[in-house]
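Below is one structure, written out as structure tokens; comments come after it.
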Amino acid sequence: MNLALLEKVFMKLALEAGARIIEIRDSAGLDSRRKSDGSLVTEADKAADEILRSGLQECFPELPVVSEECAESHATYSDEFFIVDPLDGTRNFAKGSSEFTVNIALVRNGVPVQGVVYAPDCDQMFHTAPAGGAIETRAASSADAESAMCVVRDAVPPFKVVASRSARKSPRFDEFLERIGDSNSDYRNSSIKFCMLAKGDFDFYPRFGPTMEWDTAAGHAILAAAGGTVLRYDERDVLTYGKPEYSNPAFLAASSAQALRAFMRASQ
């Protein structure tokens, strides 16, 4: 596969989907409903889904596309596939928060190898580079946008931890903080947390609540390209993709090998 072309397609589709999401949000009224699993879906989710799936299928017809908003795709399994979350953070979006993203990833043999995470409200994009590494782009809608390689920071106490807002009610999250010792915590929603680790803003992102692969694959690809890793929390092995029902177990994302070693020492 031509990775340079893939990068351009990912970025183009993410921008188009993000623009449509903002357009729908800024129009009069926002229609939302509950899906069969109880999660929220809006007109913006559906519109962004159509942009991503049709765009990927047009450019790469040989690969299946698994999308949160296309239930039929959840029965599709392949050694190589795209996985997308057209609007990650729908609940935040519906409440008027800026904490939502567009996620696109390519998974090969269980590993997310390329990805893009776009935060439309901040016009902030993170993506993998064809030659390796990860890139943060500000003002992503501008042709003259300036890009910078993501950087990982030295993982030393006090450790910096980012987690979902729901983690504040999780006993397992409290146990994690006690295990690693001296630390500071911040709370964000959406897959942008992976990208904040890739930038070096945080050392750890533990997740004990339920997630799906479309929630994590793009951010996982970006973090891995920047030198980080994502482990199944209880098994301590690498989080893989293409699992039954595309469901994730509890996991730990670490910004670097140094951060991971620090966690492993604390776990002994």
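Every chain in the structure tokens takes a letter, A first, then B, and so on in the order presented; its residues are numbered from 1, and the ligands are numbered from 1 following the presented order.
Summary of the local environment: counting only C-alpha atoms, residues at most 7 Å from Ile222 (chain A), other than itself and those fewer than 5 positions away along its chain, are Gly115, His127, Thr128, Ala134, Cys195 and Ala198 of chain A.
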Close residues, Pro120 (chain A) itself excluded, 10 Å, only C-alpha atoms, min 3 positions apart in chain, as number ranges by chain
A: 14-22, 98-102, 117, 123-125, 139-141
Write out as a PyMOL selection string all residues of region 73-126 of chain A that backbone DSSP assigns to alpha helix (DSSP H).
chain A and resi 90-94
Need the shell around Ser78 (chain A): protein/DNA/RNA residues with any atom at most 9 Å away, counting only C-alpha atoms. Skip same-chain ones fewer than 5 positions apart. Format as number ranges by chain?
A: 63-64, 108-109, 242
From the list A:Glu80, A:Asp174, A:Ala259, A:Val111, which residue is nearest His220 (chain A) when using only C-alpha atoms?
A:Val111
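We find CA of Thr76 (chain A) and CA of Glu213 (chain A) to be spaced 13.3 Å apart.
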Using only C-alpha atoms, determine which residues lie at most 10 Å from Ser166 (chain A), disregarding the query and same-chain residues fewer than 2 positions distant; provide the list as a ChimeraX atom specification.
/A:163-164,168-170,173,187-189,207-209
For Gly227 (chain A), which of A:Ser256, A:Asn103, A:Ser185, A:Asn248 is the closest residue, counting only C-alpha atoms?
A:Ser256
Kindly indicate which residue among A:Glu23, A:Glu235, A:Glu7, A:Asp182 lies nearest to Val116 (chain A), using only C-alpha atoms for the distances.
A:Glu7
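CA of Lys95 (chain A) sits 27.8 Å away from CA of Leu252 (chain A).
Using only C-alpha atoms, the shortest contact distance between Ala221 (chain A) and any of A:Ala4, A:Cys59, A:Ile104, A:Val66 is found at A:Ile104.
Nearest residue to Arg236 (chain A) among A:Leu223, A:Met212, A:Val65, A:Met264 is A:Met264, counting only C-alpha atoms.
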Shell of 10 Å around Thr90 (chain A), only C-alpha atoms, local chain residues under 2 positions omitted, as a PyMOL selection string
chain A and resi 32+39-42+44-45+86-88+92-97+99-101+190
So which bits of region 39-264 of chain A end up strand (DSSP E or B) when you DSSP the backbone, as a ChimeraX atom specification?
/A:40-42,65-67,80-88,101-108,111-119,124-128,134-138,147-149,159-163,183-187,204-207,211-212,229-232,238,247-248,251-254
As JSON, numbers by chain, please: the residues near Ser183 (chain A) (cut-off 9 Å, only C-alpha atoms, same-chain neighbours under 6 positions excluded).
{"A": [157, 158, 159, 160, 161, 177]}
Next, dump the selected residues to file, keeping only N, CA and C atoms, as a JSON list (two decimals), in the first residue's frame.
[["chain", "number", "residue", "atom", "x", "y", "z"],
["A", 157, "PRO", "N", 9.03, 10.79, 38.48],
["A", 157, "PRO", "CA", 8.04, 11.30, 39.44],
["A", 157, "PRO", "C", 8.18, 12.82, 39.61],
["A", 158, "PRO", "N", 7.09, 13.51, 39.85],
["A", 158, "PRO", "CA", 5.72, 12.98, 39.90],
["A", 158, "PRO", "C", 5.22, 12.64, 38.49],
["A", 159, "PHE", "N", 4.71, 11.41, 38.34],
["A", 159, "PHE", "CA", 4.20, 10.99, 37.05],
["A", 159, "PHE", "C", 2.95, 11.78, 36.69],
["A", 160, "LYS", "N", 2.78, 12.02, 35.41],
["A", 160, "LYS", "CA", 1.60, 12.75, 34.92],
["A", 160, "LYS", "C", 0.64, 11.74, 34.29],
["A", 161, "VAL", "N", -0.57, 11.71, 34.80],
["A", 161, "VAL", "CA", -1.58, 10.73, 34.41],
["A", 161, "VAL", "C", -2.78, 11.46, 33.81],
["A", 177, "LEU", "N", -3.24, 4.68, 40.84],
["A", 177, "LEU", "CA", -2.52, 5.85, 41.34],
["A", 177, "LEU", "C", -1.72, 5.51, 42.59]]
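Shortest atom-to-atom contact with Tyr77 (chain A) among A:Gln268, A:Ala47, A:Gly110, A:Gly181: A:Gly110, counting only C-alpha atoms.
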